[in-house]
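Q: Questions regarding the structure given below will be posed in turn.
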Amino acid sequence: TITVMAALVESTQEAIFESFWQSVIAALTLITLAMMVFLKSTWRGVLAMIPNVAPLIWIYGFMGWIGWPVDIAMMLSGSIALGMSVDGTFHFMSRFRHHHMLAVESDNDDPAATASLHALMESSIPFIQATLTATVGMLGLTLSSFAPTARFGWLMIALMLAALVGDVLMLPALMYMTHRRKRVETETLMMPHI
């Protein structure tokens, strides 16, 4: 027999689940638009968001694959983790754009590699420090006797560490590959004119 309280809890969970996807999609859309404006390029803005979305896919996909039930507290972590991971992306992209312009102006043989290396060297230490600080802060939640709070803490830790992998490994590799390809295509197109 479904009582009033059980029906209320079930409808609340359904509403939160729907609002979870709405909040993640809204956050993703707004952050992608901000990234496009910041980078002055639609393509680069979308490309820069891949390492921010990948941790959500990795962690929530793994939870779905092992059949882990998602509760209300876990649903809240997606947009929070997305917002936290974007911070590192903005810093890296700012440094990458700066070093890429310098490398192109100095007629560097491989400006994408130089820009990726310098941007990563300048921004990876703050990424790692910020992630470890936030992770240590979330460890307090994992000690909670209230299970949803503890699960939220563990999930946030996993999402932040996955976001660190995305920002430190995926983002420099994506920037190098896409900018290098453009350089190679440009050189090939310009060869007959020389």
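Each chain of the structure tokens is named A, B, ... in the order shown, its residues numbered from 1; ligands are numbered from 1 in display order.
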Leaving out Gly45 (chain A) and any residue of its chain fewer than 3 positions from it, which residues lie within 12 Å of it when counting only C-alpha atoms, given as a CSV table (one decimal) with N, CA and C atoms, in the first residue's frame?

A:
chain,number,residue,atom,x,y,z
A,28,LEU,N,25.8,23.6,-18.6
A,28,LEU,CA,26.7,23.3,-19.8
A,28,LEU,C,26.5,24.3,-20.9
A,29,THR,N,25.2,24.7,-21.2
A,29,THR,CA,24.9,25.7,-22.3
A,29,THR,C,25.5,27.0,-21.9
A,30,LEU,N,25.3,27.5,-20.7
A,30,LEU,CA,25.7,28.8,-20.3
A,30,LEU,C,27.3,28.9,-20.3
A,31,ILE,N,27.9,27.8,-19.8
A,31,ILE,CA,29.4,27.8,-19.7
A,31,ILE,C,30.0,27.7,-21.1
A,32,THR,N,29.3,26.9,-22.0
A,32,THR,CA,29.9,26.8,-23.3
A,32,THR,C,29.7,28.2,-24.0
A,33,LEU,N,28.6,28.9,-23.9
A,33,LEU,CA,28.5,30.2,-24.4
A,33,LEU,C,29.5,31.2,-23.9
A,34,ALA,N,29.8,31.1,-22.6
A,34,ALA,CA,30.8,32.0,-22.0
A,34,ALA,C,32.2,31.6,-22.5
A,35,MET,N,32.4,30.4,-22.7
A,35,MET,CA,33.7,29.9,-23.3
A,35,MET,C,33.9,30.4,-24.7
A,36,MET,N,32.8,30.3,-25.5
A,36,MET,CA,32.8,30.8,-26.9
A,36,MET,C,33.2,32.3,-27.0
A,37,VAL,N,32.5,33.1,-26.1
A,37,VAL,CA,32.8,34.5,-26.0
A,37,VAL,C,34.2,34.8,-25.6
A,38,PHE,N,34.7,34.1,-24.6
A,38,PHE,CA,36.0,34.3,-24.0
A,38,PHE,C,37.1,33.9,-25.1
A,39,LEU,N,36.9,32.8,-25.8
A,39,LEU,CA,37.8,32.4,-26.8
A,39,LEU,C,37.6,33.0,-28.2
A,40,LYS,N,36.5,33.7,-28.4
A,40,LYS,CA,36.1,34.4,-29.6
A,40,LYS,C,36.1,33.4,-30.8
A,41,SER,N,35.6,32.1,-30.4
A,41,SER,CA,35.5,31.1,-31.5
A,41,SER,C,34.5,30.1,-31.0
A,42,THR,N,33.5,29.8,-31.9
A,42,THR,CA,32.5,28.7,-31.5
A,42,THR,C,33.2,27.4,-31.4
A,48,ALA,N,36.8,23.2,-26.0
A,48,ALA,CA,37.3,23.3,-24.6
A,48,ALA,C,36.4,22.7,-23.6
A,49,MET,N,35.1,22.5,-23.9
A,49,MET,CA,34.2,21.9,-23.0
A,49,MET,C,34.2,20.4,-22.9
A,50,ILE,N,34.9,19.8,-23.9
A,50,ILE,CA,35.0,18.3,-23.9
A,50,ILE,C,35.6,17.8,-22.6
A,51,PRO,N,36.8,18.3,-22.2
A,51,PRO,CA,37.4,17.8,-20.9
A,51,PRO,C,36.5,18.1,-19.7
A,52,ASN,N,35.6,19.0,-19.8
A,52,ASN,CA,34.7,19.3,-18.6
A,52,ASN,C,33.5,18.4,-18.6
A,86,VAL,N,35.4,23.8,-14.8
A,86,VAL,CA,35.5,24.9,-15.8
A,86,VAL,C,36.6,25.9,-15.4
A,89,THR,N,39.8,25.1,-16.8
A,89,THR,CA,39.8,25.2,-18.3
A,89,THR,C,40.0,26.7,-18.7
A,90,PHE,N,39.3,27.6,-18.0
A,90,PHE,CA,39.5,29.0,-18.3
A,90,PHE,C,40.9,29.4,-18.2
A,93,MET,N,43.1,27.8,-21.0
A,93,MET,CA,42.8,28.4,-22.3
A,93,MET,C,43.4,29.8,-22.4
A,171,LEU,N,42.8,18.3,-22.1
A,171,LEU,CA,42.8,19.7,-22.7
A,171,LEU,C,44.0,20.0,-23.5
A,175,MET,N,44.1,20.7,-27.6
A,175,MET,CA,44.6,22.0,-28.1
A,175,MET,C,45.7,21.7,-29.1

Q: Excluding Ala81 (chain A) and its own-chain neighbours fewer than 6 positions away, which residues fall within 12 Å of it when counting only C-alpha atoms? Please give them as a ChimeraX atom specification.

A: /A:24,27-28,52-57,59-60,74-75,87-88,131,134-135,152-153,155-164

Q: Work out how far CA of Arg95 (chain A) is from CA of Leu120 (chain A), in Å to one decimal.

A: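 CA of Arg95 (chain A) lies at a distance of 8.3 Å from CA of Leu120 (chain A).
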
Q: Give me, please, the distance in Å between CA of His91 (chain A) and CA of Ser123 (chain A), quoted to one decimal.

A: 6.6 Å

Q: So, counting only C-alpha atoms, which residue among A:Leu102, A:Leu82, A:Leu141, A:Val136 is closest to Ala26 (chain A)?

A: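 Ranked by minimum distance to Ala26 (chain A), first place goes to A:Leu82.
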
Q: In Å, rounded to a single decimal, give me how far CA of Glu122 (chain A) is from CA of Phe92 (chain A).

A: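 CA of Glu122 (chain A) lies at a distance of 8.1 Å from CA of Phe92 (chain A).
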
Q: Return the single residue from A:Asp110, A:Leu76, A:Phe17, A:Gly67 that is closest to Pro148 (chain A), with distances computed using only C-alpha atoms.

A: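 Under the stated criterion, the closest residue is A:Leu76.
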